[in-house]
file work-v1.cif (mmCIF, C-alpha atoms and all ligand atoms)
data_coords
loop_
_atom_site.label_atom_id
_atom_site.label_comp_id
_atom_site.auth_asym_id
_atom_site.auth_seq_id
_atom_site.Cartn_x
_atom_site.Cartn_y
_atom_site.Cartn_z
CA MET S 1 0.00 0.00 0.00
CA ALA S 2 1.43 3.38 -1.09
CA GLU S 3 2.61 5.85 1.57
CA ASN S 4 0.29 8.62 0.41
CA GLU S 5 -2.83 6.47 -0.02
CA PRO S 6 -5.54 7.45 2.49
CA LEU S 7 -6.22 4.98 5.29
CA ILE S 8 -9.91 4.41 6.00
CA ILE S 9 -11.63 2.61 8.85
CA ALA S 10 -15.06 1.20 8.09
CA PHE S 11 -17.29 0.50 11.09
CA CYS S 12 -19.63 -2.10 9.61
CA CYS S 13 -22.80 -3.59 11.01
CA HIS S 14 -22.67 -7.37 11.25
CA TYR S 15 -26.08 -7.77 9.59
CA CYS S 16 -25.56 -5.69 6.46
CA ALA S 17 -22.35 -3.87 5.56
CA TYR S 18 -20.07 -6.58 6.96
CA ALA S 19 -21.93 -9.22 4.96
CA ALA S 20 -21.91 -6.91 1.93
CA ALA S 21 -18.13 -6.53 2.23
CA ASP S 22 -17.88 -10.31 2.37
CA LEU S 23 -20.06 -10.58 -0.70
CA ALA S 24 -17.94 -8.00 -2.53
CA GLY S 25 -14.99 -10.29 -1.84
CA SER S 26 -16.81 -13.44 -3.03
CA MET S 27 -17.85 -11.59 -6.16
CA ARG S 28 -14.19 -10.68 -6.69
CA LEU S 29 -15.10 -7.01 -7.03
CA GLN S 30 -12.20 -4.57 -7.18
CA TYR S 31 -12.11 -1.77 -4.62
CA PRO S 32 -9.30 0.15 -2.90
CA THR S 33 -7.28 -1.94 -0.45
CA ASN S 34 -6.79 0.97 1.96
CA VAL S 35 -9.86 0.20 4.06
CA ARG S 36 -9.81 -1.63 7.41
CA VAL S 37 -13.15 -3.18 8.30
CA LEU S 38 -14.26 -3.28 11.92
CA LYS S 39 -17.34 -5.35 12.69
CA LEU S 40 -20.02 -4.01 15.06
CA PRO S 41 -23.08 -5.99 16.24
CA CYS S 42 -25.11 -2.95 15.10
CA THR S 43 -24.03 0.60 14.19
CA GLY S 44 -26.05 1.64 17.25
CA LYS S 45 -23.06 0.35 19.25
CA LEU S 46 -20.95 3.10 17.76
CA GLU S 47 -20.05 5.93 20.09
CA VAL S 48 -18.80 9.37 19.10
CA ASN S 49 -15.52 8.64 20.84
CA TYR S 50 -14.87 5.57 18.64
CA LEU S 51 -14.93 7.94 15.69
CA LEU S 52 -12.78 10.58 17.37
CA THR S 53 -10.28 8.02 18.62
CA ALA S 54 -9.86 6.80 15.04
CA PHE S 55 -9.02 10.34 13.90
CA GLU S 56 -6.78 10.84 16.90
CA ARG S 57 -4.79 7.80 15.80
CA GLY S 58 -4.40 9.52 12.45
CA VAL S 59 -6.72 7.70 10.05
CA ASP S 60 -7.66 9.82 7.06
CA GLY S 61 -11.31 8.92 6.94
CA VAL S 62 -14.06 6.85 8.53
CA ILE S 63 -16.98 5.03 6.95
CA VAL S 64 -19.93 4.05 9.11
CA ALA S 65 -22.10 1.53 7.30
CA GLY S 66 -25.39 0.31 8.70
CA CYS S 67 -28.61 -1.28 7.50
CA LEU S 68 -31.14 0.51 5.31
CA GLU S 69 -33.31 2.89 7.30
CA GLY S 70 -36.24 0.93 8.66
CA GLY S 71 -34.25 -2.31 8.38
CA CYS S 72 -32.17 -2.19 11.58
CA HIS S 73 -32.26 -5.49 13.49
CA PHE S 74 -32.35 -3.48 16.68
CA LEU S 75 -35.02 -1.14 15.32
CA GLU S 76 -33.23 2.19 15.44
CA GLY S 77 -29.52 1.53 15.95
CA ASN S 78 -28.68 2.91 12.53
CA LEU S 79 -30.71 6.07 13.16
CA ARG S 80 -28.83 6.66 16.40
CA ALA S 81 -25.55 6.04 14.60
CA ARG S 82 -26.44 8.69 12.03
CA ARG S 83 -26.93 11.27 14.80
CA ARG S 84 -23.64 10.29 16.39
CA VAL S 85 -21.84 10.65 13.09
CA GLU S 86 -23.38 14.12 12.79
CA ARG S 87 -22.11 15.01 16.26
CA ALA S 88 -18.62 13.73 15.45
CA ARG S 89 -18.66 15.85 12.28
CA GLU S 90 -19.56 18.93 14.33
CA ILE S 91 -16.67 18.29 16.71
CA LEU S 92 -14.23 17.71 13.83
CA GLY S 93 -15.35 21.04 12.36
CA GLU S 94 -14.86 22.72 15.73
CA ILE S 95 -11.23 21.62 15.96
CA GLY S 96 -10.46 22.35 12.30
CA LEU S 97 -10.58 18.91 10.62
CA GLU S 98 -12.78 18.49 7.54
CA PRO S 99 -16.15 17.01 8.67
CA GLU S 100 -16.50 15.18 5.35
CA ARG S 101 -13.77 12.80 6.45
CA VAL S 102 -16.51 10.78 8.14
CA GLU S 103 -19.74 9.67 6.54
CA MET S 104 -22.64 7.34 7.31
CA PHE S 105 -23.93 4.99 4.60
CA ASN S 106 -26.88 2.59 4.54
CA LEU S 107 -26.93 -0.63 2.57
CA SER S 108 -28.25 -4.18 2.71
CA SER S 109 -26.29 -7.42 3.00
CA ALA S 110 -27.05 -8.18 -0.67
CA GLU S 111 -25.28 -5.05 -1.87
CA GLY S 112 -21.70 -6.21 -2.42
CA PRO S 113 -21.23 -3.85 -5.39
CA ARG S 114 -22.56 -0.93 -3.32
CA PHE S 115 -19.96 -1.65 -0.63
CA ALA S 116 -17.20 -1.53 -3.24
CA GLN S 117 -18.68 1.70 -4.58
CA ILE S 118 -18.78 3.31 -1.09
CA VAL S 119 -15.15 2.49 -0.43
CA THR S 120 -14.12 3.81 -3.85
CA GLU S 121 -16.12 7.00 -3.32
CA MET S 122 -14.60 7.68 0.13
CA SER S 123 -11.12 6.84 -1.09
CA THR S 124 -11.43 9.33 -3.96
CA ARG S 125 -12.83 11.99 -1.64
CA LEU S 126 -10.00 11.54 0.87
CA THR S 127 -7.31 11.54 -1.80
CA LYS S 128 -8.66 14.93 -2.90
CA LEU S 129 -8.68 16.22 0.72
CA GLY S 130 -5.14 15.01 1.25
CA PRO S 131 -3.79 13.13 4.28
CA SER S 132 -5.08 13.97 7.74
CA PRO S 133 -2.82 16.56 9.40
CA LEU S 134 -2.83 14.21 12.43
CA ARG S 135 -1.43 11.29 10.49
CA PRO S 136 1.73 9.74 11.91
CA GLU S 137 4.14 7.74 9.78
CA ARG S 138 2.69 4.61 8.17
CA THR S 139 3.82 1.92 10.61
CA THR S 140 2.63 3.91 13.65
CA LEU S 141 -0.67 4.47 11.89
CA GLU S 142 -1.12 0.78 11.09
CA GLU S 143 -0.17 -0.06 14.68
CA GLY S 144 -2.71 2.49 15.96
CA VAL S 145 -5.46 0.99 13.84
CA ARG S 146 -4.60 -2.50 15.11
CA GLU S 147 -4.78 -1.28 18.71
CA LEU S 148 -8.08 0.39 17.99
CA THR S 149 -9.48 -2.86 16.65
CA LEU S 150 -8.32 -4.75 19.74
CA GLN S 151 -9.81 -2.07 21.99
CA ALA S 152 -13.12 -2.22 20.13
CA GLU S 153 -13.15 -6.01 20.44
CA ALA S 154 -12.47 -5.82 24.19
CA ASN S 155 -15.18 -3.20 24.50
CA LEU S 156 -17.67 -5.31 22.60
CA SER S 157 -16.95 -8.38 24.70
CA GLY S 158 -17.90 -6.25 27.72
CA GLU S 159 -14.49 -6.12 29.41
CA LYS S 160 -14.63 -3.86 32.45
CA HIS S 161 -12.19 -1.02 32.88
CA ASP S 162 -11.24 1.29 35.70
CA ARG S 163 -12.99 4.64 35.28
CA CYS S 164 -10.28 6.54 37.05
CA GLN S 165 -7.06 5.52 35.40
CA PRO S 166 -5.55 8.52 33.67
CA MET P 2 -30.54 17.36 38.86
CA ILE P 3 -27.99 20.00 37.97
CA VAL P 4 -27.99 20.58 34.23
CA ALA P 5 -24.94 21.77 32.34
CA ASN P 6 -23.55 21.82 28.84
CA ARG P 7 -20.02 21.73 27.57
CA LYS P 8 -17.91 24.69 26.69
CA ASN P 9 -16.64 25.20 23.20
CA ILE P 10 -13.43 23.24 22.54
CA ARG P 11 -11.59 26.43 21.54
CA GLU P 12 -12.49 28.07 24.85
CA ILE P 13 -11.15 25.08 26.79
CA ARG P 14 -8.01 25.00 24.64
CA ASP P 15 -7.39 28.70 25.35
CA MET P 16 -7.98 28.26 29.10
CA ILE P 17 -5.30 25.57 29.36
CA LYS P 18 -2.86 27.25 27.02
CA ASP P 19 -0.12 27.84 29.61
CA HIS P 20 -0.08 24.26 30.88
CA LYS P 21 1.91 21.19 29.90
CA ARG P 22 0.03 18.43 31.72
CA VAL P 23 -3.73 18.65 31.99
CA LEU P 24 -6.11 16.20 33.64
CA LEU P 25 -9.74 16.26 32.54
CA VAL P 26 -11.94 15.06 35.38
CA GLY P 27 -15.47 13.88 34.63
CA CYS P 28 -18.26 13.47 37.17
CA GLY P 29 -20.47 10.40 37.34
CA THR P 30 -23.56 12.03 38.84
CA CYS P 31 -25.84 14.86 37.53
CA VAL P 32 -23.71 15.84 34.54
CA THR P 33 -23.49 12.22 33.41
CA VAL P 34 -27.28 12.05 33.32
CA CYS P 35 -27.56 15.33 31.39
CA LEU P 36 -24.90 14.07 28.97
CA ALA P 37 -22.48 16.91 29.61
CA GLY P 38 -19.61 15.71 31.75
CA GLY P 39 -19.74 11.97 32.38
CA GLU P 40 -17.15 9.41 31.40
CA ARG P 41 -18.23 9.29 27.77
CA GLU P 42 -18.41 13.05 27.26
CA THR P 43 -15.09 13.60 29.04
CA GLY P 44 -13.56 10.98 26.75
CA ILE P 45 -14.94 12.75 23.69
CA LEU P 46 -13.60 16.09 24.88
CA GLY P 47 -10.22 14.54 25.71
CA SER P 48 -9.90 13.16 22.19
CA ALA P 49 -11.04 16.42 20.61
CA LEU P 50 -8.71 18.50 22.77
CA ARG P 51 -5.67 16.34 22.03
CA MET P 52 -6.38 16.64 18.33
CA ALA P 53 -6.94 20.41 18.60
CA LEU P 54 -3.60 20.84 20.41
CA LYS P 55 -1.80 18.70 17.83
CA LEU P 56 -3.28 20.77 15.03
CA ASP P 57 -1.94 23.85 16.86
CA ASP P 58 1.54 22.27 16.93
CA ARG P 59 1.34 21.82 20.70
CA GLU P 60 1.91 18.10 20.56
CA GLY P 61 3.98 18.03 23.77
CA VAL P 62 1.00 18.87 25.97
CA VAL P 63 -0.30 15.83 27.87
CA VAL P 64 -4.09 15.60 28.18
CA ASP P 65 -5.43 12.67 30.21
CA GLU P 66 -8.90 12.03 31.46
CA CYS P 67 -10.63 10.16 34.24
CA THR P 68 -14.09 10.18 35.77
CA ILE P 69 -14.96 9.95 39.43
CA GLU P 70 -18.32 9.10 40.92
CA ARG P 71 -19.16 12.51 42.37
CA GLN P 72 -17.00 15.63 42.31
CA CYS P 73 -19.00 17.64 44.86
CA ASP P 74 -18.19 15.17 47.62
CA ASP P 75 -14.62 15.22 48.89
CA ALA P 76 -14.76 11.53 49.84
CA PHE P 77 -15.18 10.61 46.18
CA ILE P 78 -12.27 12.79 45.09
CA ASP P 79 -10.13 10.23 46.94
CA ALA P 80 -10.50 8.08 43.84
CA LEU P 81 -8.16 10.49 42.06
CA GLY P 82 -5.49 9.51 44.57
CA SER P 83 -2.22 11.29 43.92
CA HIS P 84 -3.03 11.61 40.18
CA GLY P 85 -4.40 15.13 40.60
CA ALA P 86 -1.12 16.47 41.92
CA GLU P 87 0.80 14.99 38.96
CA TYR P 88 -0.74 17.55 36.60
CA ASP P 89 -0.23 21.29 36.45
CA ALA P 90 -3.87 21.90 35.54
CA ILE P 91 -7.20 20.18 36.04
CA CYS P 92 -10.18 20.83 33.83
CA SER P 93 -13.35 19.72 35.58
CA PHE P 94 -16.35 18.36 33.73
CA GLY P 95 -18.51 18.63 36.82
CA CYS P 96 -20.92 21.43 37.71
CA GLY P 97 -19.59 24.61 39.30
CA ALA P 98 -19.67 22.92 42.72
CA GLY P 99 -17.49 20.09 41.40
CA VAL P 100 -14.96 22.51 39.92
CA GLN P 101 -14.65 24.28 43.28
CA ALA P 102 -14.45 21.03 45.24
CA LEU P 103 -11.47 20.00 43.08
CA ALA P 104 -9.88 23.42 43.57
CA GLU P 105 -10.18 23.01 47.34
CA ARG P 106 -8.69 19.54 47.20
CA PHE P 107 -5.74 20.53 45.00
CA PRO P 108 -4.68 23.95 46.33
CA LYS P 109 -1.52 24.12 44.23
CA THR P 110 -3.09 23.13 40.92
CA ALA P 111 -4.90 25.41 38.46
CA VAL P 112 -8.50 24.25 38.06
CA TYR P 113 -10.71 25.22 35.13
CA PRO P 114 -14.37 24.61 34.24
CA GLY P 115 -15.06 22.49 31.17
CA LEU P 116 -18.81 22.99 31.43
CA ASN P 117 -21.24 25.85 31.70
CA THR P 118 -23.52 25.00 34.62
CA GLN P 119 -27.05 26.02 33.68
CA PHE P 120 -29.74 25.20 36.23
CA MET P 121 -31.59 22.74 38.43
CA GLY P 122 -34.06 21.00 36.24
CA ILE P 123 -35.56 17.86 34.84
CA LEU P 124 -35.35 15.74 31.72
CA GLU P 125 -38.30 16.93 29.65
CA ALA P 126 -37.83 14.57 26.70
CA GLN P 127 -34.85 12.61 25.35
CA GLY P 128 -32.09 15.19 25.00
CA VAL P 129 -34.14 18.10 26.39
CA TRP P 130 -33.78 19.54 29.90
CA THR P 131 -35.75 22.38 31.44
CA GLU P 132 -35.23 24.59 34.45
CA LYS P 133 -37.54 24.01 37.41
CA CYS P 134 -36.06 25.45 40.59
CA SER P 135 -33.87 28.44 41.47
CA GLY P 136 -32.94 27.24 44.95
CA CYS P 137 -34.55 30.23 46.67
CA GLY P 138 -34.19 28.58 50.07
CA ASN P 139 -37.83 29.04 51.03
CA CYS P 140 -39.97 26.78 48.87
CA ARG P 141 -43.50 27.93 48.17
CA LEU P 142 -44.57 25.35 45.61
CA GLY P 143 -47.45 24.42 47.92
CA GLU P 144 -49.12 27.75 47.27
CA PHE P 145 -48.79 27.54 43.50
CA ALA P 146 -50.11 24.09 42.66
CA GLY P 147 -46.60 22.71 42.43
CA ILE P 148 -45.34 25.07 39.71
CA CYS P 149 -42.60 27.50 40.65
CA PRO P 150 -43.36 31.12 39.74
CA ILE P 151 -39.85 32.22 40.67
CA THR P 152 -38.23 29.95 38.13
CA ARG P 153 -40.89 29.55 35.50
CA CYS P 154 -42.61 32.93 35.28
CA SER P 155 -40.37 35.25 33.28
CA LYS P 156 -41.26 38.14 35.60
CA ARG P 157 -41.17 36.09 38.79
CA LEU P 158 -44.73 37.15 39.57
CA PHE P 159 -46.27 35.80 42.76
CA ASN P 160 -49.64 37.20 41.81
CA GLY P 161 -49.90 36.50 38.09
CA PRO P 162 -50.58 36.31 35.32
CA CYS P 163 -49.45 39.54 33.76
CA GLY P 164 -51.20 40.96 30.73
CA GLY P 165 -48.81 39.23 28.38
CA SER P 166 -50.17 35.72 28.78
CA ARG P 167 -51.59 34.58 25.40
CA ASP P 168 -53.07 31.14 24.70
CA GLY P 169 -50.92 29.60 27.37
CA GLU P 170 -47.72 31.20 26.09
CA CYS P 171 -45.57 33.80 27.80
CA GLU P 172 -45.01 37.07 25.95
CA VAL P 173 -41.29 36.97 26.58
CA ARG P 174 -40.44 34.24 24.10
CA GLU P 175 -42.28 32.15 21.55
CA GLY P 176 -42.81 28.56 22.66
CA LEU P 177 -42.36 29.45 26.35
CA ASP P 178 -45.20 28.26 28.57
CA CYS P 179 -46.84 30.91 30.74
CA ALA P 180 -46.17 29.67 34.27
CA TRP P 181 -49.34 31.30 35.50
CA GLN P 182 -51.46 29.51 32.93
CA LEU P 183 -49.87 26.26 34.13
CA ILE P 184 -50.48 27.21 37.77
CA TYR P 185 -54.12 28.06 37.06
CA ASP P 186 -54.78 24.89 35.03
CA ARG P 187 -53.20 22.63 37.58
CA ALA P 188 -54.87 24.36 40.55
CA ARG P 189 -58.23 23.81 38.83
CA GLU P 190 -57.40 20.14 38.16
CA ILE P 191 -56.57 19.47 41.80
CA GLY P 192 -59.36 21.60 43.27
CA MET P 193 -57.09 24.31 44.66
CA LEU P 194 -58.34 27.36 42.78
CA ASP P 195 -59.42 28.96 46.06
CA LYS P 196 -55.75 29.22 47.06
CA LEU P 197 -55.20 31.60 44.17
CA GLU P 198 -57.92 33.92 45.35
CA SER P 199 -55.90 35.44 48.15
CA ILE P 200 -52.94 37.70 47.45
CA ALA P 201 -49.66 35.84 47.77
CA THR P 202 -47.40 37.44 50.37
CA PRO P 203 -44.03 38.87 49.40
CA HIS P 204 -41.25 36.35 49.27
CA ASP P 205 -38.61 36.15 51.98
CA TRP P 206 -35.52 36.62 49.85
CA SER P 207 -33.21 36.63 52.87
CA SER P 208 -32.78 32.89 52.36
CA GLY P 209 -31.88 33.46 48.71
CA LEU P 210 -28.77 34.09 46.67
CA ASP P 211 -27.87 37.57 47.84
CA GLY P 212 -26.81 37.20 51.47
CA GLY P 213 -23.44 35.55 50.97
CA THR P 214 -22.69 31.84 50.78
CA ARG P 215 -25.47 29.73 52.21
CA LYS P 216 -24.83 26.75 54.41
CA VAL P 217 -26.95 23.88 55.63
CA VAL P 218 -25.91 22.30 58.94
CA ARG P 219 -27.35 19.15 60.51
CA GLU P 220 -25.92 19.17 64.03
CA ASP P 221 -27.03 15.60 64.71
CA GLN P 222 -24.97 14.41 61.76
CA CYS P 223 -21.82 16.39 62.57
CA ILE P 224 -18.98 14.36 64.06
CA ALA P 225 -16.97 16.18 66.73
CA GLY P 226 -13.74 17.53 65.35
CA LEU P 227 -14.74 16.92 61.73
CA GLY P 228 -16.83 20.02 61.17
CA PRO P 229 -18.77 22.07 60.55
CA LYS P 230 -16.17 24.79 60.37
CA ALA P 231 -17.00 27.63 62.74
S1 LIG T 301 -40.12 28.22 45.38
FE1 LIG T 301 -37.92 28.34 45.63
S2 LIG T 301 -37.24 26.30 46.31
FE2 LIG T 301 -39.39 26.11 45.56
S3 LIG T 301 -39.10 25.47 43.42
FE3 LIG T 301 -39.24 27.71 43.41
S4 LIG T 301 -37.13 28.43 43.53
FE4 LIG T 301 -37.14 26.27 44.09
S1 LIG T 302 -46.88 35.75 30.45
FE1 LIG T 302 -47.05 34.32 32.18
S2 LIG T 302 -44.95 33.52 32.48
FE2 LIG T 302 -44.78 35.30 31.14
S3 LIG T 302 -44.32 36.95 32.51
FE3 LIG T 302 -46.56 36.96 32.26
S4 LIG T 302 -47.34 35.68 33.91
FE4 LIG T 302 -45.13 35.29 33.80
#

call {"tool": "encode", "arguments": {"input": "work-v1.cif", "output": "structure tokens", "more": "lines below"}}
Ligand code: SF4
Ligand code: SF4
result
Amino acid sequence: MAENEPLIIAFCCHYCAYAAADLAGSMRLQYPTNVRVLKLPCTGKLEVNYLLTAFERGVDGVIVAGCLEGGCHFLEGNLRARRRVERAREILGEIGLEPERVEMFNLSSAEGPRFAQIVTEMSTRLTKLGPSPLRPERTTLEEGVRELTLQAEANLSGEKHDRCQP
Amino acid sequence: MIVANRKNIREIRDMIKDHKRVLLVGCGTCVTVCLAGGERETGILGSALRMALKLDDREGVVVDECTIERQCDDAFIDALGSHGAEYDAICSFGCGAGVQALAERFPKTAVYPGLNTQFMGILEAQGVWTEKCSGCGNCRLGEFAGICPITRCSKRLFNGPCGGSRDGECEVREGLDCAWQLIYDRAREIGMLDKLESIATPHDWSSGLDGGTRKVVREDQCIAGLGPKA
């Protein structure tokens, strides 16, 4: 992967986008390789600080992909996620990062080609915007993204943490 | 509960501009419930602040965060242990009482407010809080069918309504309920209209905000040697 290619994290719902990404693979569709997929049980699990932490680690962009509106397995998880993405965008704007670096998409598990299209679209957008000014050198960035994934997994498995541990 | 909202990130960044190590302290009580300064919100602010400082080329500044159960109670500040003293500034995400409790506990550390404390109120609907009480120190809700004219009537009328009450709305702002319409409606509902027929007496403001810091003392609860301070 080229040094100047944008690095994207995609928070994908298990029931739709994650399956769609899988399908895109089975269909042997071509899409940029610079996306790291993180599976969520529902986009409603997404918190604003997951998004901010990703940017803090230096990723160039974030995709949040949930089920079609009205099709959430937990009724309104994807609607909540949309509001959280909006809030994260406001905060990014407040600190001087382009809000369009994060975007929410809706798709169904049958839409492999749509997943490939979303990744391509975000990758093109981020290439135009240029790398995030918070981006560290490549290996640190990749390491950060790996840590983030592990953290998210621990979080999802309900591991407790000490609230007062600066 | 005490309702607050967060300050603008730029304002917080400017407040801490002379410091190298800053601890953001969240509070797990009222401000967690009103989604202003709990663990999650403090985490969000911490992330945003670190990014803002990096974008300002102030990468060397350390910003950590932690949340304690209740900032306005010194016993809970124990949870910070010696951490507080390891920083040259603390930014509190508690209400104004929490900020001051931290300042008392860490006399050598600069302490800043991360929130704007608004009022004592209730959750009206998801994500909406409204003011209900001004802490006047001499509650008269019993005379006004349980609706506070001090807090909810824009003119603090004890013998309302004024002439500006229109279709249940106050003349001061569109969408604002007229407290006196609410008082009248509720008094009628609960059969207390007769209470509104006599003139309400002037309020005793001596128990209110203007006589210096107020204090509540329960002698039976005070342990010898541990307070209250004379
Ligand atoms: S009368 Fe005083 S104490 Fe009672 S609700 Fe109103 S402001 Fe609060
Ligand atoms: S309209 Fe009602 S709430 Fe507004 S000032 Fe007059 S009496 Fe008070």

call {"tool": "residues_near_ligand", "arguments": {"input": "work-v1.cif", "ligand": "ligand LIG 302 (chain T)", "cutoff": "8 Å", "atoms": "all atoms listed in the file", "output": "PyMOL selection string"}}
result
chain P and resi 150+153-158+161-167+169-173+177-182

call {"tool": "interface_residues", "arguments": {"input": "work-v1.cif", "of": "chain P", "to": "chain S", "cutoff": "8 Å", "atoms": "all atoms listed in the file", "output": "PDB file with C-alpha atoms, in the frame of the given file"}}
result
ATOM      1  CA  ILE P  10     -13.430  23.240  22.540  1.00  0.00           C
ATOM      2  CA  ARG P  11     -11.590  26.430  21.540  1.00  0.00           C
ATOM      3  CA  LEU P  24      -6.110  16.200  33.640  1.00  0.00           C
ATOM      4  CA  GLU P  40     -17.150   9.410  31.400  1.00  0.00           C
ATOM      5  CA  ARG P  41     -18.230   9.290  27.770  1.00  0.00           C
ATOM      6  CA  GLY P  44     -13.560  10.980  26.750  1.00  0.00           C
ATOM      7  CA  ILE P  45     -14.940  12.750  23.690  1.00  0.00           C
ATOM      8  CA  SER P  48      -9.900  13.160  22.190  1.00  0.00           C
ATOM      9  CA  ALA P  49     -11.040  16.420  20.610  1.00  0.00           C
ATOM     10  CA  LEU P  50      -8.710  18.500  22.770  1.00  0.00           C
ATOM     11  CA  ARG P  51      -5.670  16.340  22.030  1.00  0.00           C
ATOM     12  CA  MET P  52      -6.380  16.640  18.330  1.00  0.00           C
ATOM     13  CA  ALA P  53      -6.940  20.410  18.600  1.00  0.00           C
ATOM     14  CA  LYS P  55      -1.800  18.700  17.830  1.00  0.00           C
ATOM     15  CA  LEU P  56      -3.280  20.770  15.030  1.00  0.00           C
ATOM     16  CA  ASP P  65      -5.430  12.670  30.210  1.00  0.00           C
ATOM     17  CA  GLU P  66      -8.900  12.030  31.460  1.00  0.00           C
ATOM     18  CA  CYS P  67     -10.630  10.160  34.240  1.00  0.00           C
ATOM     19  CA  THR P  68     -14.090  10.180  35.770  1.00  0.00           C
ATOM     20  CA  ILE P  69     -14.960   9.950  39.430  1.00  0.00           C
ATOM     21  CA  ALA P  80     -10.500   8.080  43.840  1.00  0.00           C
ATOM     22  CA  LEU P  81      -8.160  10.490  42.060  1.00  0.00           C
ATOM     23  CA  HIS P  84      -3.030  11.610  40.180  1.00  0.00           C
TER      24      HIS P  84
END

call {"tool": "atom_distance", "arguments": {"input": "work-v1.cif", "atom1": "atom CA of P:Cys149", "atom2": "atom CA of P:Gly192"}}
result
18.0 Å

call {"tool": "closest_residue", "arguments": {"input": "work-v1.cif", "among": "P:Glu12, P:Asp75, P:Asp205, P:Asp58", "to": "ligand LIG 301 (chain T)", "atoms": "only C-alpha atoms and all ligand atoms"}}
result
P:Asp205

call {"tool": "atom_distance", "arguments": {"input": "work-v1.cif", "atom1": "atom CA of P:Arg174", "atom2": "atom CA of P:Phe120"}}
result
18.5 Å

call {"tool": "residues_near_ligand", "arguments": {"input": "work-v1.cif", "ligand": "ligand LIG 301 (chain T)", "cutoff": "10 Å", "atoms": "all atoms listed in the file", "output": "ChimeraX atom specification"}}
result
/P:121-122,132-145,147-153,157,204,206,208-209

call {"tool": "closest_residue", "arguments": {"input": "work-v1.cif", "among": "P:Gly82, P:Gly29, P:Gly95, P:Gly61", "to": "P:Val4", "atoms": "all atoms listed in the file"}}
result
P:Gly95

call {"tool": "closest_residue", "arguments": {"input": "work-v1.cif", "among": "S:Asp22, S:Glu5, S:Asp60, S:Glu111", "to": "S:Asn34", "atoms": "all atoms listed in the file"}}
result
S:Glu5

call {"tool": "residues_around", "arguments": {"input": "work-v1.cif", "residues": "S:Pro113", "least_positions_apart": "5", "cutoff": "8 Å", "atoms": "all atoms listed in the file", "output": "list in words"}}
result
Ala20, Ala24 and Leu29 of chain S

call {"tool": "residues_around", "arguments": {"input": "work-v1.cif", "residues": "S:Met122", "least_positions_apart": "2", "cutoff": "9 Å", "atoms": "only C-alpha atoms", "output": "JSON, numbers by chain"}}
result
{"S": [8, 61, 62, 63, 101, 102, 103, 117, 118, 119, 120, 124, 125, 126, 127]}

call {"tool": "build_atoms", "arguments": {"input": "work-v1.cif", "residues": "stretch 187-196 of chain P", "atoms": "N, CA, C and O atoms", "output": "compact mmCIF listing (two decimals), in the frame of the given file"}}
result
# COMPACT_ATOMS: atom_id res chain seq x y z
N ARG P 187 -53.45 23.72 36.65
CA ARG P 187 -53.20 22.63 37.58
C ARG P 187 -53.99 22.83 38.88
O ARG P 187 -54.52 21.87 39.45
N ALA P 188 -54.10 24.08 39.33
CA ALA P 188 -54.87 24.36 40.55
C ALA P 188 -56.32 23.93 40.33
O ALA P 188 -56.96 23.36 41.21
N ARG P 189 -56.84 24.19 39.12
CA ARG P 189 -58.23 23.81 38.83
C ARG P 189 -58.36 22.28 38.85
O ARG P 189 -59.27 21.72 39.43
N GLU P 190 -57.40 21.61 38.23
CA GLU P 190 -57.40 20.14 38.16
C GLU P 190 -57.45 19.52 39.56
O GLU P 190 -58.14 18.53 39.78
N ILE P 191 -56.67 20.10 40.48
CA ILE P 191 -56.57 19.47 41.80
C ILE P 191 -57.47 20.14 42.83
O ILE P 191 -57.31 19.95 44.04
N GLY P 192 -58.39 20.98 42.36
CA GLY P 192 -59.36 21.60 43.27
C GLY P 192 -58.75 22.59 44.24
O GLY P 192 -59.13 22.65 45.41
N MET P 193 -57.76 23.36 43.77
CA MET P 193 -57.09 24.31 44.66
C MET P 193 -57.22 25.75 44.18
O MET P 193 -56.45 26.62 44.61
N LEU P 194 -58.21 25.99 43.32
CA LEU P 194 -58.34 27.36 42.78
C LEU P 194 -58.52 28.41 43.88
O LEU P 194 -58.06 29.54 43.74
N ASP P 195 -59.18 27.99 44.97
CA ASP P 195 -59.42 28.96 46.06
C ASP P 195 -58.11 29.53 46.61
O ASP P 195 -58.04 30.67 47.04
N LYS P 196 -57.04 28.74 46.55
CA LYS P 196 -55.75 29.22 47.06
C LYS P 196 -55.26 30.43 46.27
O LYS P 196 -54.50 31.25 46.77
